[in-house]
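Participant: Supplied in structure tokens, the structure appears directly below.
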Amino acid sequence: MFLGLTSGWLLLGLAGLALPVLIHLLTRRRHEVLRWGAMQFLRQPTRQRARRSFDELWLLLVRLLLLALIVFALAGPFLGGVDGFRPRRDVVLILDASASMDLAIPGQPRPWDEAKRAALAKLEELSDEDRVGVVLATHPPQRLTPHLTKNRAEVRQALESLPSPRGSADGAGAIAEACRLLDEDPRRAERSLWLASDFQHWGWGDDDALRRWHALAGELKKDSGHARTALETLALTAAQESLGPVNVGLSPLRPQRSVAGVGQKIAFTADVILERHQGTPTPTTLEVSIDGKASTKVDLPTLKTASTPIRFELTFTEPGLRRVRAAFTAPSKYWDAFAADNSQERIVEVATELPILLIDGGGQGQGSSYYLSKAFTEPGDPKKVSLVTPRIVRVTEFEPARDLEFGPRVVVLCDVPSLADSQRQALEAYVRAGGSLWIYLGPRSEANPSALLLPGTLSAVKGDAFLDGDRFLHAGLEVFKKSALNGLAIRKRWRLEPEAGSIPWALFNTGEPWLIEKRLGKGRILASTIPFDRSWDNPLTTAWEFPVLAHEIVYALADLRSDDFNVKPGTPVRLDPDRIPGWNRSQKGQASGSWQPWVGTVRTFTVASWPYSAPPPGPAGVYEIHVEDSAPIPVAVLADAAEADFVYLTPREWKTLVALLPFSAETGSASSDALPLWWVVLMLVVALLGVESWLAGRIVRRRGVR
Amino acid sequence: MSRFADPQLIAPLSRLALQARQIVEGFLTGLHKSPYKGFSVEFAEHRQYYPGDEIRHIDWRAFGKTDRYYIKEYEEETNLQAWMLLDASGSMAYGPKFEYACLLAACLSYLMLHQLDAVGLWVHDHDVRESLPPHAHSKHWLRLVQMLEAARPGGETALAPLWHRLAGQLKRRSLIVLLSDCFDVLEDLVLALRHFRHRGHEVLLLHVLAPDEIEFPFTRPTEFQSLENEQKELIDPVLIRAEYRARFDAFRAELRLQTSDMKVDYHLMRTDEPIDRALGYYLAKRGG
């Protein structure tokens, strides 16, 4: 045990002790001299004189001691050397575990390795009484330790066994998670955050990140306790000083659609990114697997430009949610500084059927749903059985409770003039819950069918226009660009003024949309301004591509469900029994589920009601969510392409961000090994002030009122 | 002009008469008319006769020898003899005490001579420094005043032994006027005063004090240096004021009580009080 001072030079202030002594001496000499006659009455009682000088001596001593203690407190005394007296600290280590930390530049250590090494060193600085937690600054942030722990060995092991980083970062979220970790247990006098990151702009300073920073700052400032939390940062800037890494990467996969039938082909496109290529070898093959089984190999062209598009097709043989993975085959020689973007994954739904509901607008004879129904039940190729299974109901007989019960993937309003209020409300609820509604307009549509939830307003029936293949904008319509549909003349059509935010799928040559979508809740509504029957002498149904077009539109609309299984980082996973392939629709009771996160132990959740929003499973990658005995549900957290930007925050930008937070220090924590004693000294000062006041009062009282 | 012969100061006192409360030699002059009306039996000098002089005062014997008329003058004679004992010890040097006492002595002596009483003066500290035997002649007052002017305070106070000695020396019963601050051992002072009274003297004690000595108003720490010896006391006056006053008041009260018991006239003379008013008050009281 030893007593130390953080600012020992301040003890020079003890010279100030001479001040009261000098004052005392000067005061003694400044008494007056008086020649006096009545000396015989001046005799002071010895007791009083002694007591007075005794009190004054005490007062002088107390004042000297006061001054000395104040100087001592300012010098920052601390007690060190004995574990029992060391301050107990709570420390949370925040490691940026985004993919950019895995950057490998020749001759430089990887930031990730540096961060782990520094974190382990930091761990060694802690005492047995200190508690530590680890938060990984991925998106979403993830705790490596569920709670603060004194078991440093356990934390060390967890740090050493961390896999390579992945995904992007959520810096503000990680700090918020670290603060939550600190707040879970009774607060200790010393709390600190230690953060190691490359501070890449994406994840730490982009627009979304800035919003999260401001939200975090507002949240933290509500609790004044955070003002004493110290923040120490370790900027791993090796990569920032280089000219930028050589990188070959694969952009996220873009499937033609994310829903297919068994045996159907789906085309996938992607881009091979080449950055700062310096003549080193590039990958030659892309290996594609389905559910981990090699499916096909794609020979890559010679990579010369920054972005090279590639395309491949996959045929799925088993129904359900299928995991597609495309990855470069690694060349033998080092060629890529950033390996995280060398593979991409996506979940594809392989369905056995796509039930749809055709609501017939009426009319005499075949009805308005006839041609669509025929397109699904009698596809052009007789060898193939359509995946789409339509049910037909006339609009006048449409009862939502009954007719939507079977869970149609798409509901089609076939030239429906109008809807009853109850029908409209039910369909709107269906869309908002994630359903797809396709409205094709025709001669029966009213001029202003407000009840039809259209993505715009109808203005008039217009005359000649033709379909323009160059203006087939939706990926699902790509196959029709050079088909007979291109240039097909349309004699009559509705003119629709699109709403703001609506998305056109295909345009006439006039630039007006003939297929246009709007989002509503979790679902969407597609409007067609031309009929999908033969009214108005519509030639569409006569084209041999008509059944294919009908199928592709249904596939594209049904594709919306794939968003549940291909999610952005940090997004909750929507679990809806009605939308999970292979689930029995009766599985709607309470259930428990789990998933294995990227690091750490299995995470569990309990479902009280469906649909259920499960927590974001982790950074980019594929996770399998288990809900009781059902088959695992694969969920792909899509990677952020911007993670490979390698643009970093400047120190000034980082300082600006940290200034938003109420922490006590940006760098250099106060985590000394010593127990600060200034508060003890100050308590003594307060006590002595009381004594001084009492002594002074006593002397004044003895002097009496003048 | 003498500093004590201020007619403006002295003249008002002449309107008052000193009335002896006790008869020392049997009678008092002043209020009682002298049977000799300014002429005593003690020859003083001859002077030339001027018309208007009473014929019965012509010295016929001188006329017979010189064939000229001479008037024979006699000194007046009184039955009251007063001794003023002026304390010139060091303690009287505080403030204007000594000057005040001298002025007081001058005024009283003037008054007494005006009353045709004989007045003498002893200036003393622990011993007699100056002495002037009592006379009733008007010129005597000037010598007395000169002596007062020459006197300076100093030396130690030992009033009681001296007063004892003086009491023994006085053969004739007299009025003893004591001008002193009485800073001595109270018991000894009382014994000395009692000695005066025992010898039949009438005693008038004028206790001359400065206001500071009575009120002790000092506030700052002060080193009190004795005016009479090397004694020093560094004191915070505030601390001892109450006790000082109590002790001082007790001293004065005891002195007043003891003097009253032995029929010694005691009067406090504060130096901040005008002498004429103080004398007037005193003489009026005597007269009552």
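Residue numbering restarts at 1 in every chain; chains get A, B, ... in the order shown in the structure tokens, and ligands count up from 1 in that same order.
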Hey, list the chain A side of the contact with chain B: 6 Å cut-off, only C-alpha atoms, answer as a list of chain:residue names.
Facilitator: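 Every residue of chain A that passes the 6 Å test is in A:His31, A:Glu32, A:Val33, A:Leu34, A:Arg35, A:Trp36, A:Gly37, A:Phe41, A:Arg703.
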Participant: Looking at only C-alpha atoms, which of B:Ala150, B:Met269, B:Leu121, B:Val128 is the one that sits closest to Gln81 (chain B)?
Facilitator: B:Leu121
Participant: Please, which residues of region 44-286 of chain B, numbered as in this document, come out helix (DSSP H, G or I) from DSSP, as a ChimeraX atom specification?
Facilitator: /B:55-57,60-66,90-93,97-114,140-150,159-169,186-198,211-215,237-261,275-286
Participant: May I have the selected residues written with C-alpha atoms, as a short mmCIF file (atom, residue, chain, number, x, y, z; two decimals), in the first residue's frame?
Facilitator:
data_model
loop_
_atom_site.label_atom_id
_atom_site.label_comp_id
_atom_site.auth_asym_id
_atom_site.auth_seq_id
_atom_site.Cartn_x
_atom_site.Cartn_y
_atom_site.Cartn_z
CA ILE B 55 -7.56 108.81 60.76
CA ARG B 56 -7.49 106.07 63.34
CA HIS B 57 -5.06 104.12 61.17
CA TRP B 60 1.04 108.91 65.28
CA ARG B 61 4.36 107.72 66.48
CA ALA B 62 5.76 107.92 62.99
CA PHE B 63 4.14 111.36 62.62
CA GLY B 64 5.92 112.43 65.78
CA LYS B 65 9.25 111.33 64.39
CA THR B 66 8.93 112.36 60.75
CA GLY B 90 3.92 58.93 37.18
CA SER B 91 0.35 57.67 36.97
CA MET B 92 -0.86 61.28 36.93
CA ALA B 93 0.91 61.74 33.60
CA LYS B 97 -4.80 64.36 34.48
CA PHE B 98 -1.87 66.24 35.93
CA GLU B 99 -2.62 69.48 34.10
CA TYR B 100 -6.19 69.14 35.21
CA ALA B 101 -5.12 68.64 38.82
CA CYS B 102 -2.78 71.66 38.68
CA LEU B 103 -5.52 73.85 37.30
CA LEU B 104 -7.81 72.54 39.94
CA ALA B 105 -5.23 73.41 42.62
CA ALA B 106 -4.76 76.88 41.22
CA CYS B 107 -8.45 77.52 41.15
CA LEU B 108 -8.97 76.23 44.65
CA SER B 109 -6.02 78.19 46.01
CA TYR B 110 -7.21 81.32 44.35
CA LEU B 111 -10.60 80.78 45.81
CA MET B 112 -9.17 80.14 49.20
CA LEU B 113 -6.95 83.24 49.08
CA HIS B 114 -9.90 85.21 47.93
CA HIS B 140 1.30 84.05 47.84
CA TRP B 141 -0.95 82.77 45.11
CA LEU B 142 1.51 83.80 42.43
CA ARG B 143 4.28 81.80 44.05
CA LEU B 144 1.94 78.88 44.35
CA VAL B 145 1.06 79.09 40.71
CA GLN B 146 4.70 79.29 39.75
CA MET B 147 5.32 76.12 41.69
CA LEU B 148 2.47 74.40 39.97
CA GLU B 149 3.78 75.43 36.61
CA ALA B 150 7.19 74.06 37.39
CA LEU B 159 0.82 57.82 48.61
CA ALA B 160 -0.01 56.22 51.89
CA PRO B 161 3.44 56.39 53.57
CA LEU B 162 3.88 59.99 52.52
CA TRP B 163 0.45 61.00 53.69
CA HIS B 164 1.15 59.28 57.00
CA ARG B 165 4.32 61.28 57.32
CA LEU B 166 2.68 64.57 56.39
CA ALA B 167 -0.19 63.91 58.77
CA GLY B 168 2.37 63.61 61.53
CA GLN B 169 4.08 66.84 60.56
CA LEU B 186 -6.63 50.88 48.97
CA GLU B 187 -6.15 49.67 52.53
CA ASP B 188 -3.02 51.80 52.93
CA LEU B 189 -4.76 54.83 51.50
CA VAL B 190 -7.62 54.42 53.89
CA LEU B 191 -5.23 54.14 56.81
CA ALA B 192 -3.45 57.34 55.72
CA LEU B 193 -6.70 59.19 55.36
CA ARG B 194 -7.78 57.90 58.72
CA HIS B 195 -4.51 59.30 60.09
CA PHE B 196 -5.39 62.75 58.75
CA ARG B 197 -8.78 62.53 60.32
CA HIS B 198 -7.32 61.25 63.54
CA PRO B 211 -12.37 58.92 31.26
CA ASP B 212 -10.27 56.15 29.64
CA GLU B 213 -9.33 54.92 33.09
CA ILE B 214 -12.96 54.68 34.04
CA GLU B 215 -14.42 53.29 30.84
CA PRO B 237 -8.54 44.99 26.12
CA VAL B 238 -11.75 43.52 24.83
CA LEU B 239 -11.10 40.39 26.74
CA ILE B 240 -10.55 42.06 30.11
CA ARG B 241 -12.74 45.10 29.82
CA ALA B 242 -15.54 43.75 31.92
CA GLU B 243 -13.20 42.54 34.58
CA TYR B 244 -11.23 45.80 34.57
CA ARG B 245 -14.35 47.81 34.97
CA ALA B 246 -15.60 45.63 37.75
CA ARG B 247 -12.33 45.87 39.59
CA PHE B 248 -12.03 49.61 39.03
CA ASP B 249 -15.60 50.29 40.08
CA ALA B 250 -15.14 48.16 43.15
CA PHE B 251 -12.04 50.15 44.05
CA ARG B 252 -13.83 53.43 43.69
CA ALA B 253 -16.89 52.21 45.51
CA GLU B 254 -14.80 50.97 48.39
CA LEU B 255 -12.83 54.20 48.48
CA ARG B 256 -16.01 56.21 48.49
CA LEU B 257 -17.47 54.03 51.20
CA GLN B 258 -14.40 54.22 53.39
CA THR B 259 -14.03 57.97 52.95
CA SER B 260 -17.66 58.47 53.72
CA ASP B 261 -17.28 56.45 56.90
CA ILE B 275 -13.38 72.59 35.97
CA ASP B 276 -15.72 75.49 36.61
CA ARG B 277 -18.72 73.25 36.47
CA ALA B 278 -17.03 70.61 38.57
CA LEU B 279 -15.92 73.18 41.18
CA GLY B 280 -19.24 74.90 41.05
CA TYR B 281 -21.00 71.59 41.62
CA TYR B 282 -18.62 70.78 44.43
CA LEU B 283 -18.76 74.13 46.11
CA ALA B 284 -22.52 74.25 45.80
CA LYS B 285 -22.66 70.89 47.49
CA ARG B 286 -20.32 72.14 50.19
#
Participant: Pull the strand (DSSP E) assignments for region 91-306 of chain A out of DSSP run on the backbone, and list those residues as a VMD selection string.
Facilitator: chain A and resid 91 to 95 131 to 136 142 to 143 190 to 197 229 to 235 247 to 250 254 to 255 259 to 261 265 to 275 285 to 290 293 to 299
Participant: Using Å and a single decimal, report how far CA of Leu236 (chain A) sits from CA of Pro283 (chain A).
Facilitator: 29.1 Å
Participant: Would you compute the distance between CA of Ile359 (chain A) and CA of Ile439 (chain A)? Give it in Å to one decimal.
Facilitator: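 Taking CA of Ile359 (chain A) as the start and CA of Ile439 (chain A) as the end point, the length is 9.6 Å.
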Participant: Counting only C-alpha atoms, what is within 8 Å of region 500-503 of chain A, bar same-chain residues fewer than 4 positions away, as a PyMOL selection string?
Facilitator: chain A and resi 455+516-519
Participant: Find the residues around His626 (chain A) up to 12 Å (only C-alpha atoms counted), leave out those fewer than 2 positions away in its own chain, and share them as a ChimeraX atom specification.
Facilitator: /A:575,591-596,602-607,614,617,623-624,628-635
Participant: Point out the residue among A:Thr389, A:Leu437, A:Lys150, A:Leu66 with the least atom-to-atom distance to Met683 (chain A), counting only C-alpha atoms.
Facilitator: A:Leu66
Participant: Determine, counting only C-alpha atoms, which protein, DNA and RNA residues have an atom within 6 Å of an atom of Arg89 (chain A); residues of the same chain fewer than 6 positions away are not included. Present the result as a list in words.
Facilitator: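 Listed by chain and then number, they are Asp130, Glu190 and Arg191 of chain A.
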Participant: Just the selected residues (C-alpha atoms), exported as a PDB file, in the first residue's frame, please.
Facilitator:
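Result saved to selection_13.pdb:
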ATOM      1  CA  ASP A 130     -13.204  -5.299 -11.992  1.00  0.00           C
ATOM      2  CA  GLU A 190     -15.581   4.145 -12.281  1.00  0.00           C
ATOM      3  CA  ARG A 191     -17.153   3.176 -15.568  1.00  0.00           C
TER       4      ARG A 191
END
Participant: Show which residues sit within 7 Å of Ser174 (chain B), as a PyMOL selection string. Count only C-alpha atoms, and ignore same-chain residues fewer than 6 positions away.
Facilitator: chain B and resi 24+80-83+201-202
Participant: For region 247-260 of chain A, please output as an MDAnalysis selection string all residues within 8 Å (counting only C-alpha atoms; exclusion window: fewer than 4 positions along the same chain).
Facilitator: chainID A and resid 264:277 282 316 327 335:339 341:351 475:476 555:556 558:559 562 638:639 641
